[in-house]
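What's in model_25.txt: compact mmCIF, C-alpha atoms
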# COMPACT_ATOMS: atom_id res chain seq x y z
CA MET A 1 -9.23 115.56 155.52
CA GLU A 2 -7.78 116.13 152.07
CA PRO A 3 -6.47 119.37 150.56
CA THR A 4 -8.96 120.64 148.01
CA THR A 5 -8.22 121.74 144.48
CA THR A 6 -8.73 125.35 145.55
CA SER A 7 -5.89 125.10 148.06
CA PHE A 8 -3.53 123.99 145.27
CA LEU A 9 -4.75 126.86 143.10
CA VAL A 10 -4.18 129.37 145.91
CA LEU A 11 -0.67 127.99 146.41
CA GLY A 12 -0.05 128.44 142.68
CA ALA A 13 -1.29 132.03 142.91
CA LEU A 14 1.05 132.76 145.83
CA LEU A 15 4.02 131.23 144.00
CA PHE A 16 3.22 133.22 140.86
CA GLY A 17 2.99 136.43 142.89
CA ILE A 18 6.33 135.82 144.60
CA GLY A 19 7.96 135.13 141.24
CA ALA A 20 6.47 138.26 139.66
CA THR A 21 7.58 140.40 142.62
CA GLY A 22 11.10 139.00 142.43
CA LEU A 23 11.23 139.66 138.70
CA MET A 24 10.47 143.32 139.33
CA ILE A 25 12.77 143.72 142.36
CA ARG A 26 15.98 141.95 141.36
CA ARG A 27 18.47 143.36 138.84
CA ASN A 28 20.77 140.38 138.40
CA PRO A 29 19.68 138.75 135.12
CA LEU A 30 20.39 135.24 136.45
CA VAL A 31 18.14 135.72 139.47
CA MET A 32 15.46 137.21 137.22
CA PHE A 33 15.60 133.99 135.19
CA MET A 34 15.08 131.99 138.38
CA CYS A 35 12.01 134.10 139.16
CA ILE A 36 10.62 133.27 135.71
CA GLU A 37 11.13 129.59 136.54
CA LEU A 38 9.12 130.15 139.74
CA MET A 39 6.24 131.60 137.73
CA LEU A 40 6.35 128.70 135.24
CA ASN A 41 6.21 126.24 138.13
CA ALA A 42 3.20 128.03 139.60
CA VAL A 43 1.38 127.59 136.29
CA ASN A 44 2.45 123.93 136.10
CA LEU A 45 1.04 123.35 139.58
CA THR A 46 -2.27 124.88 138.50
CA PHE A 47 -2.37 122.74 135.34
CA VAL A 48 -1.78 119.50 137.27
CA ALA A 49 -4.28 120.42 139.99
CA LEU A 50 -7.04 121.03 137.45
CA ALA A 51 -6.06 117.96 135.39
CA THR A 52 -6.42 115.83 138.50
CA ARG A 53 -9.64 117.54 139.45
CA PHE A 54 -11.35 116.87 136.11
CA SER A 55 -9.59 113.51 135.46
CA ASP A 56 -8.33 114.89 132.14
CA ILE A 57 -4.80 113.91 131.14
CA ASP A 58 -4.44 116.79 128.66
CA GLY A 59 -3.48 119.15 131.49
CA GLN A 60 -0.47 117.00 132.28
CA THR A 61 0.45 116.93 128.58
CA ALA A 62 0.47 120.73 128.62
CA VAL A 63 2.82 120.68 131.63
CA PHE A 64 5.15 118.37 129.69
CA PHE A 65 5.35 120.86 126.84
CA VAL A 66 5.85 123.75 129.26
CA MET A 67 8.84 121.92 130.71
CA VAL A 68 10.38 121.36 127.26
CA VAL A 69 9.94 125.01 126.29
CA ALA A 70 11.33 126.13 129.67
CA ALA A 71 14.45 124.05 129.11
CA ALA A 72 14.97 125.55 125.63
CA GLU A 73 14.33 129.04 127.00
CA VAL A 74 16.91 128.62 129.76
CA VAL A 75 19.53 127.41 127.28
CA VAL A 76 19.04 130.37 124.93
CA GLY A 77 18.71 132.91 127.75
CA LEU A 78 21.85 131.78 129.53
CA GLY A 79 23.72 131.86 126.21
CA ILE A 80 22.67 135.49 125.72
CA ILE A 81 23.66 136.34 129.30
CA ILE A 82 27.08 134.72 128.85
CA SER A 83 27.80 136.68 125.68
CA ILE A 84 26.72 139.94 127.37
CA MET A 85 28.70 139.29 130.55
CA ARG A 86 31.79 138.44 128.53
CA ARG A 87 31.86 141.97 127.13
CA ARG A 88 30.64 143.78 130.24
CA PRO A 89 31.47 141.94 133.47
CA GLY A 90 29.10 142.71 136.29
CA ALA A 91 26.36 144.08 134.06
CA THR A 92 22.87 144.38 135.47
CA VAL A 93 19.71 144.64 133.41
CA ASP A 94 19.75 148.41 133.86
CA ASP A 95 23.00 148.61 131.89
CA LEU A 96 21.28 147.04 128.89
CA ALA A 97 19.59 150.38 128.24
CA GLU A 98 22.83 151.31 126.50
CA LEU A 99 21.92 148.87 123.73
CA ARG A 100 19.60 151.45 122.18
CA GLY A 101 20.72 152.71 118.84
CA MET B 1 -2.07 112.45 156.28
CA GLU B 2 -2.46 114.09 152.89
CA LEU B 3 -3.08 117.38 154.62
CA ILE B 4 0.23 117.07 156.49
CA VAL B 5 2.05 116.36 153.20
CA PHE B 6 0.34 119.34 151.61
CA VAL B 7 1.30 121.70 154.43
CA LEU B 8 4.93 120.55 154.54
CA ALA B 9 5.40 120.67 150.75
CA SER B 10 3.73 124.09 150.58
CA ALA B 11 6.10 125.36 153.27
CA MET B 12 9.01 124.07 151.15
CA VAL B 13 7.64 125.75 148.03
CA LEU B 14 6.95 129.12 149.61
CA SER B 15 10.13 129.35 151.72
CA GLY B 16 12.25 128.39 148.72
CA ALA B 17 10.50 130.97 146.54
CA ILE B 18 10.98 133.72 149.13
CA GLY B 19 14.63 132.65 149.38
CA VAL B 20 15.07 133.05 145.61
CA VAL B 21 13.79 136.62 145.85
CA LEU B 22 15.60 137.68 149.01
CA PHE B 23 19.00 135.92 149.03
CA LYS B 24 21.71 138.30 147.92
CA ASN B 25 24.08 135.61 146.68
CA PRO B 26 22.95 134.04 143.35
CA VAL B 27 24.21 130.61 144.49
CA HIS B 28 21.93 130.73 147.53
CA ALA B 29 19.05 131.82 145.29
CA ALA B 30 19.69 128.77 143.07
CA LEU B 31 19.55 126.51 146.14
CA GLY B 32 16.25 128.12 147.14
CA LEU B 33 15.01 127.34 143.62
CA VAL B 34 15.94 123.67 144.18
CA LEU B 35 13.86 123.63 147.38
CA THR B 36 10.86 125.07 145.53
CA LEU B 37 11.19 122.61 142.65
CA PHE B 38 11.32 119.63 145.02
CA GLY B 39 8.25 120.93 146.84
CA VAL B 40 6.37 121.16 143.55
CA ALA B 41 7.49 117.59 142.75
CA VAL B 42 6.02 116.43 146.07
CA HIS B 43 2.74 118.12 145.13
CA PHE B 44 2.82 116.33 141.76
CA VAL B 45 3.21 112.97 143.52
CA SER B 46 0.34 113.74 145.86
CA MET B 47 -1.82 114.55 142.81
CA GLU B 48 -0.98 111.21 141.13
CA ALA B 49 1.13 112.84 138.39
CA HIS B 50 4.02 110.43 138.90
CA PHE B 51 5.71 110.89 135.51
CA LEU B 52 5.72 114.69 135.79
CA ALA B 53 7.16 114.43 139.31
CA ALA B 54 10.06 112.36 137.99
CA VAL B 55 10.60 114.76 135.09
CA GLN B 56 10.44 117.68 137.49
CA VAL B 57 13.24 116.27 139.63
CA ILE B 58 15.41 115.10 136.73
CA VAL B 59 15.01 117.98 134.28
CA TYR B 60 14.30 120.96 136.53
CA ALA B 61 16.13 120.23 139.77
CA GLY B 62 18.82 118.29 137.93
CA ALA B 63 19.59 119.82 134.57
CA ILE B 64 18.28 123.37 134.71
CA VAL B 65 19.56 124.27 138.18
CA VAL B 66 22.94 122.72 137.41
CA LEU B 67 23.00 124.87 134.27
CA PHE B 68 22.27 127.95 136.41
CA LEU B 69 25.04 127.06 138.88
CA PHE B 70 27.42 126.36 136.01
CA VAL B 71 26.81 129.80 134.50
CA ILE B 72 27.11 131.49 137.91
CA MET B 73 30.48 129.86 138.49
CA LEU B 74 31.62 130.45 134.89
CA LEU B 75 30.87 134.15 135.02
CA GLY B 76 32.14 134.60 138.55
CA VAL B 77 29.07 136.56 139.58
CA ASP B 78 28.71 134.58 142.81
CA ARG B 79 29.51 137.63 144.88
CA ALA B 80 26.62 139.20 146.72
CA GLU B 81 24.51 141.73 144.90
CA ASP B 82 24.17 144.96 146.84
CA LEU B 83 20.44 145.23 147.35
CA SER B 84 20.72 148.61 149.07
CA ILE B 85 21.60 150.46 145.86
CA GLU B 86 18.40 151.64 144.28
CA PRO B 87 18.91 153.14 140.82
CA LEU B 88 15.27 154.02 140.42
CA LYS B 89 13.57 155.54 143.40
CA LEU B 90 10.23 154.04 144.36
CA GLN B 91 10.82 151.09 142.02
CA ARG B 92 11.09 148.57 144.82
CA PRO B 93 8.05 149.70 146.86
CA ALA B 94 6.01 149.95 143.67
CA ALA B 95 7.12 146.44 142.66
CA ILE B 96 6.14 145.03 146.06
CA VAL B 97 2.73 146.74 145.95
CA LEU B 98 2.15 145.53 142.38
CA GLY B 99 3.22 141.96 143.19
CA ALA B 100 1.01 141.82 146.29
CA GLY B 101 -1.86 143.20 144.24
CA VAL B 102 -1.45 140.52 141.56
CA THR B 103 -1.27 137.83 144.23
CA VAL B 104 -4.38 139.02 146.05
CA LEU B 105 -6.33 139.40 142.81
CA VAL B 106 -5.50 135.92 141.47
CA ALA B 107 -5.96 134.21 144.83
CA GLY B 108 -9.23 136.03 145.40
CA ALA B 109 -10.50 135.07 141.96
CA VAL B 110 -9.58 131.42 142.60
CA VAL B 111 -11.31 131.36 145.98
CA ARG B 112 -14.43 133.08 144.70
CA GLY B 113 -14.57 130.82 141.66
CA ALA B 114 -14.24 127.64 143.75
CA ASP B 115 -17.94 126.85 143.29
CA THR B 116 -17.61 126.67 139.52
CA LEU B 117 -15.35 123.62 139.85
CA GLY B 118 -18.41 121.50 140.57
CA SER B 119 -18.75 118.83 143.22
CA GLU B 120 -17.68 115.67 141.39
CA SER B 121 -14.80 113.89 143.06
CA SER B 122 -12.01 112.76 140.81
CA ALA B 123 -11.35 109.03 140.75
CA ALA B 124 -7.74 108.38 141.66
CA ALA B 125 -5.90 106.60 138.86
CA PRO B 126 -4.38 103.36 140.17
CA GLY B 127 -0.81 102.23 139.66
CA ASP B 128 1.07 103.10 136.50
CA SER B 129 -1.98 104.12 134.47
CA ASN B 130 -0.87 107.75 134.77
CA ILE B 131 2.19 107.14 132.61
CA ARG B 132 0.17 105.02 130.18
CA ALA B 133 -2.53 107.67 129.80
CA LEU B 134 0.05 110.43 129.39
CA ALA B 135 1.90 108.46 126.71
CA ARG B 136 -1.34 107.75 124.86
CA SER B 137 -2.25 111.45 124.89
CA LEU B 138 1.26 112.51 123.87
CA TYR B 139 1.79 110.06 121.01
CA SER B 140 -1.70 110.16 119.50
CA ASP B 141 -3.41 113.50 120.05
CA HIS B 142 -0.32 115.69 120.36
CA VAL B 143 2.22 113.84 118.24
CA LEU B 144 2.78 116.79 115.90
CA ALA B 145 3.56 119.13 118.81
CA PHE B 146 5.82 116.45 120.27
CA GLU B 147 7.83 116.25 117.05
CA LEU B 148 8.00 120.04 116.85
CA THR B 149 9.53 120.21 120.33
CA SER B 150 12.46 118.15 119.05
CA VAL B 151 12.98 120.76 116.30
CA LEU B 152 12.76 123.47 118.97
CA LEU B 153 15.43 121.82 121.10
CA ILE B 154 17.77 121.34 118.13
CA VAL B 155 17.35 124.98 117.12
CA ALA B 156 17.94 126.16 120.69
CA VAL B 157 21.12 124.12 121.13
CA ALA B 158 22.56 125.04 117.72
CA GLY B 159 21.67 128.71 118.23
CA THR B 160 23.35 128.82 121.61
CA VAL B 161 26.51 127.21 120.27
CA VAL B 162 26.68 129.81 117.49
CA LEU B 163 25.85 132.63 119.90
CA THR B 164 28.53 131.92 122.48
CA ARG B 165 31.29 130.81 120.12
CA ARG B 166 34.43 132.90 120.31
CA LEU B 167 35.53 134.17 116.92
CA LYS B 168 39.28 133.59 116.67
CA LYS B 169 40.41 135.86 113.85
CA SER B 170 37.87 138.63 113.49
CA GLU B 171 38.17 139.84 117.08
CA GLY B 172 41.95 139.78 117.25
Written form, structure tokens:
Amino acid sequence: MEPTTTSFLVLGALLFGIGATGLMIRRNPLVMFMCIELMLNAVNLTFVALATRFSDIDGQTAVFFVMVVAAAEVVVGLGIIISIMRRRPGATVDDLAELRG
Amino acid sequence: MELIVFVLASAMVLSGAIGVVLFKNPVHAALGLVLTLFGVAVHFVSMEAHFLAAVQVIVYAGAIVVLFLFVIMLLGVDRAEDLSIEPLKLQRPAAIVLGAGVTVLVAGAVVRGADTLGSESSAAAPGDSNIRALARSLYSDHVLAFELTSVLLIVAVAGTVVLTRRLKKSEG
């Protein structure tokens, strides 16, 4: 017996839900970034499952681009976090409300 | 056999993801993220996406998680976050209800739409034809987007260097 495409899609949905819940619960910006990575991986899993299902390689190409953009996003995001933490050690995302003008 | 692999890898993915959300120490959360990423790589292998599985392990589990750990150690935020402090009342229960709702909605939509996938069975690609097909798609149909990603990476790296550079004179 083989796992069906639907089981992969349900797993992707569960992973996306866990990531979204973590993004709303946690206040440490680094952990919130990790939750975004979880959500991106859920979408990647869905892309590959459907690409395999329909024998269409374009789904895997999309996953490749998602990975590149995720890497660039992590680099820029961690740079922003470093420059914030350098001025305010121990800041959580709630403290960023003070950025308003 | 494939079902056993699916169940084990799914257990890795889900337990790692729950660990990311629930571990108080950011270092432990990063290790949970590694577990999830390896589980997703196992799923990629089982779906014949060999190149993406390798990239997943090298780029995600290698580079990105090491970058996370590096920043955690650099900033010294590896002490435990106190999850009992709740600055906004009802935020956490509302977030859990909302997250569970999103999960149930998406999973329900996927299960109910399973019939629309059709009944054709996908022919498994033999050997290294996955990499060959992916390269052909990447370098012919999507070559412009591929070149643009190199511009994106250059801009991201240069921007981060400028962003985190310490100014020597103006701050002193």
Test item: chain A residues at most 6 Å from chain B, counting only C-alpha atoms, as a PyMOL selection string: chain A and resi 2-3+10+13-14+17+21-22+24-25+53+55+72+76+79+83
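Residue neighbourhood of Val66 (chain A), excluding near-sequence residues (fewer than 5 positions): A:Leu40, A:Asn44, A:Thr61, A:Ala71, at 9 Å, using only C-alpha atoms.
Computed from the coordinates, the CA of Val63 (chain A) to CA of Val43 (chain A) distance equals 8.5 Å.
Pairwise distance (CA of Leu15 (chain A), CA of Ala42 (chain A)) equals 5.5 Å.
From CA of Phe16 (chain A) back to CA of Leu38 (chain A), the distance works out to 6.7 Å.
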Nearby residues (only C-alpha atoms) at most 6 Å from region 46-48 of chain A, same-chain spacing under 2 positions excluded, as a count of residues only: 8
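Closest approach to Asp94 (chain A) among A:Ile57, A:Glu37, A:Leu23, A:Pro29 is made by A:Pro29 (distances from only C-alpha atoms).
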